[in-house]
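Peer 1: Once you've had a glance at the structure underneath, I'll fire off some questions.
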Amino acid sequence: MIAYQHFVLANGLEVYVHEDKSTPLAVLNILYKVGSRDEDEEKTGFAHLFEHLMFGGSKHIASYDEPLQRVGGDNNAFTSTDITNYYITLPAENIETAFWLESDRMLSLSFDPGVLEVQRKVVIEEFKQRYLNQPYGDVWLKLRPLAYQEHPYKWATIGKDISHIEEATLQDVEAFFYQYYVPNNAIMVVAGNIDFDQVVALAEKWFGPIPGGKRDSRTLPVEPPQQEKRVMHVEADVPLDALYKVYHMPGRTSEDYEAADLLSDILGRGNSSRLFRKLVKEKAYFSELHAYVTGSADPGLLVISGMLHEGITLEQADQEIEAILEEIKQELIESEELEKVKNQAETTLVFGEVELLSRAMNLANAAMLGDPETVNQGSARIQRVTAADIQRMARTILREENSSTLHYAAKR
């Protein structure tokens with residue numbers, strides 16, 4: 001259970017406070033409601049670029065890390081399709097340092113051309129190393145546009161094409177910043193050994209003077225139902241053949257999300273899952289095989305991925321997976337199997353509340369999705385799922401015409 005209080009500044013900044021007097025630490029987490037889905041299709045990778053640029057200095061603070069290190073703090077950030085999240089962990093007695101740092105870069109990020117060039121090179125190098133020059137690194141650069149035709153999930157967080165970052169101008173960067181990195185497009189969670197009144201005072205002091213931005217509501221394209229299966233064959237210099245299958249599924253706020261998530265666990269979470277047990281242990285078609293969900297805010301993907309053993313063709317492996325998917329569509333799962341995956345999911349929830357930072361992030365994410373109270377409803381939503389729900393989701397999601405498959409073959 002994550003207890004919290006909430007207030008909103010005049011400029012639109014949403015603030016949540018989670019007090020925990022058992023720790024000497026505090027966390028300041030700022031979630032900006034901007035991810036790769038918010039980018040212009042001809043200028044992608046900007047949200048991820050800003051993950052780097054936000055550490056390049058601001059109007060009054062040339063070096064972000066140095067003052068934080070002096071007070072025993074640590075920080076980092078990540079970008080997804082839906083959000084960009086920045087966080088600081090430090091001794092609670094030094095929490096005002098976090099307010100100072102985060103407010104200054106929200107107020108006025110440094111748009112030094114030299115900083116842009118440095119971070120541009122970093123991102124381009126990351127694009128090359130992680131996505132272009134690493135075995136299987138380009139899988140999602142191929143899978144996303146195969147699965148999505150309209151929705152901006154069709155490009156990866158790193159960007160659609162490396163040229164978009166190479167050609168980004170300072171004017172492009174400034175426009176993106178003032179559109180999205182504004183108080184009324186952010187959610188701040190302060191957690192740890194702090195007091196609500198203390199947070200109100202610090203928020204007013206450091207963030208209250210920052211003007212709210214002009215936030216035009218954006219309607220994202222809706223992905224139309226997929227009507228036919230899609231298959232892509234590629235060859236690359238990789239050690240083993242690999243198979244990737246994705247199916248469209250409900251987004252995080254859907255009542256059916258938990259059933260779809262548990263379905264993926266039944267299929268491919270751990271060594272006792274159906275795909276692993278039958279196709280890794282028993283038949284040895286795969287050396288590894290997993291199933292999981294992307295967990296995105298808008299309708300996402302249920303993913304099945306695995307590495308094949310030598311001598312097994314991609315077509316054989318694909319057929320074996322399809323046979324197992326057909327079983328789960330035709331037969332209700334046993335109560336013991338459902339209970340097992342529910343227990344696994346519950347354990348994940350419990351561990352997600354152990355770390356102070358995780359609690360802060362979970363609360364911010366729930367608020368971003370529209371209802372902060374859902375941060376405390378995960379267990380109940382999991383327990384409501386029935387065997388019939390699993391079968392219904394399997395029949396809805398695991399249809400051939402709803403699938404996109406990538407056969408990733410090793411060059412012979």
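Each chain of the structure tokens is named A, B, ... in the order shown, its residues numbered from 1; ligands are numbered from 1 in display order.
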Can you pull out the residues contacting segment 371-385 of chain A? Cut-off 8 Å, using only C-alpha atoms, and skip same-chain residues under 6 positions away; I want them as a ChimeraX atom specification.
Peer 2: /A:1-2,258-259,342,345-346,349,362-365
Peer 1: Using the selection just defined, write its residues with C-alpha atoms as an mmCIF file, in the first residue's frame.
Peer 2:
data_model
loop_
_atom_site.group_PDB
_atom_site.id
_atom_site.type_symbol
_atom_site.label_atom_id
_atom_site.label_comp_id
_atom_site.auth_asym_id
_atom_site.auth_seq_id
_atom_site.Cartn_x
_atom_site.Cartn_y
_atom_site.Cartn_z
ATOM 1 C CA MET A 1 0.000 0.000 0.000
ATOM 2 C CA ILE A 2 1.454 3.349 -1.078
ATOM 3 C CA GLU A 258 -4.183 -7.988 -16.438
ATOM 4 C CA ALA A 259 -5.720 -10.979 -18.213
ATOM 5 C CA LYS A 342 -1.040 -14.885 -10.103
ATOM 6 C CA ALA A 345 2.571 -11.362 -10.490
ATOM 7 C CA GLU A 346 1.786 -10.621 -6.827
ATOM 8 C CA LEU A 349 4.068 -6.139 -7.104
ATOM 9 C CA ASN A 362 4.921 3.573 -9.667
ATOM 10 C CA LEU A 363 2.872 6.405 -8.184
ATOM 11 C CA ALA A 364 3.969 8.811 -10.924
ATOM 12 C CA ASN A 365 3.123 6.281 -13.609
#
Peer 1: Can you tell me which residues surround Glu337 of chain A at a distance of at most 12 Å, considering only C-alpha atoms, apart from same-chain residues fewer than 3 positions away, and format the answer as an mmCIF file with C-alpha atoms, in the first residue's frame?
Peer 2:
data_model
loop_
_atom_site.group_PDB
_atom_site.id
_atom_site.type_symbol
_atom_site.label_atom_id
_atom_site.label_comp_id
_atom_site.auth_asym_id
_atom_site.auth_seq_id
_atom_site.Cartn_x
_atom_site.Cartn_y
_atom_site.Cartn_z
ATOM 1 C CA LEU A 262 -1.165 -13.174 -17.123
ATOM 2 C CA LEU A 263 -1.697 -14.923 -20.465
ATOM 3 C CA ASP A 265 3.109 -15.300 -18.103
ATOM 4 C CA ILE A 266 1.386 -18.641 -18.686
ATOM 5 C CA LEU A 267 2.989 -18.843 -22.089
ATOM 6 C CA ARG A 269 7.411 -16.560 -17.834
ATOM 7 C CA SER A 272 7.619 -23.913 -15.890
ATOM 8 C CA SER A 273 5.769 -21.866 -18.524
ATOM 9 C CA ARG A 274 4.144 -23.698 -21.413
ATOM 10 C CA ILE A 328 -4.587 -22.384 -24.716
ATOM 11 C CA LEU A 332 -9.482 -23.689 -19.988
ATOM 12 C CA ILE A 333 -6.325 -23.553 -17.930
ATOM 13 C CA GLU A 334 -6.268 -25.458 -14.654
ATOM 14 C CA LYS A 340 0.916 -19.966 -9.999
ATOM 15 C CA VAL A 341 1.090 -17.033 -12.411
ATOM 16 C CA LYS A 342 -1.040 -14.885 -10.103
ATOM 17 C CA ASN A 343 1.420 -15.581 -7.289
ATOM 18 C CA GLN A 344 4.309 -14.611 -9.569
ATOM 19 C CA THR A 386 -10.503 -15.968 -14.130
ATOM 20 C CA ALA A 387 -9.600 -18.930 -16.316
ATOM 21 C CA ILE A 390 -7.544 -15.990 -19.927
#
Peer 1: Quick check for you: according to DSSP on this backbone, which residues of segment 63-271 of chain A are classed as alpha helix (DSSP H)? Reply as a ChimeraX atom specification.
Peer 2: /A:65-70,95-107,113-126,139-147,162-166,170-180,196-206,257-268
Peer 1: What lies within 9 Å of Ala47 of chain A using only C-alpha atoms, ignoring chain neighbours under 4 positions off, as JSON, numbers by chain?
Peer 2: {"A": [34, 35, 36, 38, 39, 51, 79, 80, 81, 83, 84, 157, 158, 159, 176]}
Peer 1: For segment 126-134 of chain A, please output as a ChimeraX atom specification all residues within 12 Å (counting only C-alpha atoms; exclusion window: fewer than 5 positions along the same chain).
Peer 2: /A:45,48-49,52,119-121,139-142,156-166,236-239
Peer 1: Could the residues in this selection be written to a file with N, CA, C and O atoms, as a JSON list (two decimals), in the first residue's frame?
Peer 2:
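Saved result, part.json, follows:
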[["chain", "number", "residue", "atom", "x", "y", "z"],
["A", 45, "GLY", "N", 13.16, 10.43, -32.17],
["A", 45, "GLY", "CA", 14.31, 10.28, -31.29],
["A", 45, "GLY", "C", 14.53, 11.47, -30.37],
["A", 45, "GLY", "O", 15.48, 11.48, -29.58],
["A", 48, "HIS", "N", 14.25, 10.82, -26.45],
["A", 48, "HIS", "CA", 15.47, 10.16, -25.96],
["A", 48, "HIS", "C", 16.65, 11.11, -25.96],
["A", 48, "HIS", "O", 17.48, 11.10, -25.05],
["A", 49, "LEU", "N", 16.74, 11.96, -26.98],
["A", 49, "LEU", "CA", 17.81, 12.96, -27.02],
["A", 49, "LEU", "C", 17.72, 13.87, -25.80],
["A", 49, "LEU", "O", 18.74, 14.21, -25.19],
["A", 52, "HIS", "N", 19.26, 12.91, -22.54],
["A", 52, "HIS", "CA", 20.68, 13.27, -22.44],
["A", 52, "HIS", "C", 20.87, 14.77, -22.25],
["A", 52, "HIS", "O", 21.66, 15.21, -21.42],
["A", 119, "GLN", "N", 25.89, 15.81, -27.02],
["A", 119, "GLN", "CA", 24.85, 14.83, -26.77],
["A", 119, "GLN", "C", 24.34, 14.19, -28.06],
["A", 119, "GLN", "O", 23.95, 13.02, -28.06],
["A", 120, "ARG", "N", 24.36, 14.96, -29.14],
["A", 120, "ARG", "CA", 23.99, 14.38, -30.44],
["A", 120, "ARG", "C", 24.93, 13.22, -30.78],
["A", 120, "ARG", "O", 24.50, 12.14, -31.20],
["A", 121, "LYS", "N", 26.24, 13.46, -30.58],
["A", 121, "LYS", "CA", 27.22, 12.42, -30.88],
["A", 121, "LYS", "C", 27.04, 11.19, -29.98],
["A", 121, "LYS", "O", 27.18, 10.06, -30.41],
["A", 139, "VAL", "N", 16.15, -5.56, -34.13],
["A", 139, "VAL", "CA", 14.88, -6.30, -34.13],
["A", 139, "VAL", "C", 13.68, -5.36, -34.01],
["A", 139, "VAL", "O", 12.73, -5.42, -34.78],
["A", 140, "TRP", "N", 13.73, -4.44, -33.02],
["A", 140, "TRP", "CA", 12.57, -3.57, -32.81],
["A", 140, "TRP", "C", 12.48, -2.46, -33.85],
["A", 140, "TRP", "O", 11.41, -1.88, -34.05],
["A", 141, "LEU", "N", 13.58, -2.17, -34.52],
["A", 141, "LEU", "CA", 13.51, -1.24, -35.64],
["A", 141, "LEU", "C", 12.72, -1.85, -36.80],
["A", 141, "LEU", "O", 12.16, -1.14, -37.63],
["A", 142, "LYS", "N", 12.67, -3.18, -36.83],
["A", 142, "LYS", "CA", 11.92, -3.89, -37.86],
["A", 142, "LYS", "C", 10.52, -4.30, -37.38],
["A", 142, "LYS", "O", 9.54, -4.23, -38.13],
["A", 156, "ALA", "N", 10.89, 3.06, -32.83],
["A", 156, "ALA", "CA", 11.49, 2.76, -31.54],
["A", 156, "ALA", "C", 11.82, 4.05, -30.80],
["A", 156, "ALA", "O", 11.90, 5.13, -31.40],
["A", 157, "THR", "N", 12.04, 3.94, -29.49],
["A", 157, "THR", "CA", 12.34, 5.10, -28.67],
["A", 157, "THR", "C", 13.62, 5.81, -29.14],
["A", 157, "THR", "O", 13.71, 7.04, -29.08],
["A", 158, "ILE", "N", 14.57, 5.05, -29.62],
["A", 158, "ILE", "CA", 15.82, 5.64, -30.10],
["A", 158, "ILE", "C", 15.58, 6.50, -31.35],
["A", 158, "ILE", "O", 16.36, 7.39, -31.66],
["A", 159, "GLY", "N", 14.48, 6.23, -32.04],
["A", 159, "GLY", "CA", 14.15, 6.98, -33.25],
["A", 159, "GLY", "C", 13.93, 6.08, -34.44],
["A", 159, "GLY", "O", 14.31, 4.91, -34.44],
["A", 160, "LYS", "N", 13.28, 6.63, -35.44],
["A", 160, "LYS", "CA", 12.97, 5.87, -36.65],
["A", 160, "LYS", "C", 14.20, 5.72, -37.54],
["A", 160, "LYS", "O", 14.42, 4.68, -38.16],
["A", 161, "ASP", "N", 14.98, 6.80, -37.61],
["A", 161, "ASP", "CA", 16.16, 6.81, -38.47],
["A", 161, "ASP", "C", 17.23, 7.67, -37.82],
["A", 161, "ASP", "O", 16.93, 8.74, -37.27],
["A", 162, "ILE", "N", 18.46, 7.24, -37.91],
["A", 162, "ILE", "CA", 19.56, 7.96, -37.28],
["A", 162, "ILE", "C", 19.72, 9.37, -37.85],
["A", 162, "ILE", "O", 20.19, 10.29, -37.17],
["A", 163, "SER", "N", 19.26, 9.58, -39.07],
["A", 163, "SER", "CA", 19.39, 10.90, -39.71],
["A", 163, "SER", "C", 18.57, 11.96, -38.99],
["A", 163, "SER", "O", 18.89, 13.15, -39.07],
["A", 164, "HIS", "N", 17.49, 11.55, -38.29],
["A", 164, "HIS", "CA", 16.65, 12.54, -37.60],
["A", 164, "HIS", "C", 17.43, 13.25, -36.49],
["A", 164, "HIS", "O", 17.23, 14.45, -36.25],
["A", 165, "ILE", "N", 18.30, 12.52, -35.81],
["A", 165, "ILE", "CA", 19.13, 13.13, -34.77],
["A", 165, "ILE", "C", 20.31, 13.85, -35.40],
["A", 165, "ILE", "O", 20.71, 14.94, -34.96],
["A", 166, "GLU", "N", 20.87, 13.29, -36.46],
["A", 166, "GLU", "CA", 21.99, 13.92, -37.14],
["A", 166, "GLU", "C", 21.61, 15.30, -37.67],
["A", 166, "GLU", "O", 22.42, 16.23, -37.67],
["A", 236, "ALA", "N", 20.98, -11.98, -41.27],
["A", 236, "ALA", "CA", 22.01, -11.10, -40.71],
["A", 236, "ALA", "C", 23.15, -11.94, -40.16],
["A", 236, "ALA", "O", 23.03, -13.16, -39.99],
["A", 237, "ASP", "N", 24.24, -11.27, -39.87],
["A", 237, "ASP", "CA", 25.42, -11.95, -39.34],
["A", 237, "ASP", "C", 25.25, -12.13, -37.83],
["A", 237, "ASP", "O", 25.82, -11.39, -37.02],
["A", 238, "VAL", "N", 24.41, -13.10, -37.45],
["A", 238, "VAL", "CA", 24.12, -13.39, -36.05],
["A", 238, "VAL", "C", 24.42, -14.87, -35.80],
["A", 238, "VAL", "O", 24.44, -15.68, -36.72],
["A", 239, "PRO", "N", 24.65, -15.27, -34.54],
["A", 239, "PRO", "CA", 25.05, -16.65, -34.27],
["A", 239, "PRO", "C", 23.96, -17.69, -34.47],
["A", 239, "PRO", "O", 24.25, -18.82, -34.85]]
Peer 1: Of the candidates A:Leu369, A:Ile124, A:Leu28, A:Val17, which shows the shortest atom-to-atom distance to Leu357 of chain A, using only C-alpha atoms?
Peer 2: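 Closest to Leu357 of chain A of all the choices is A:Leu28.
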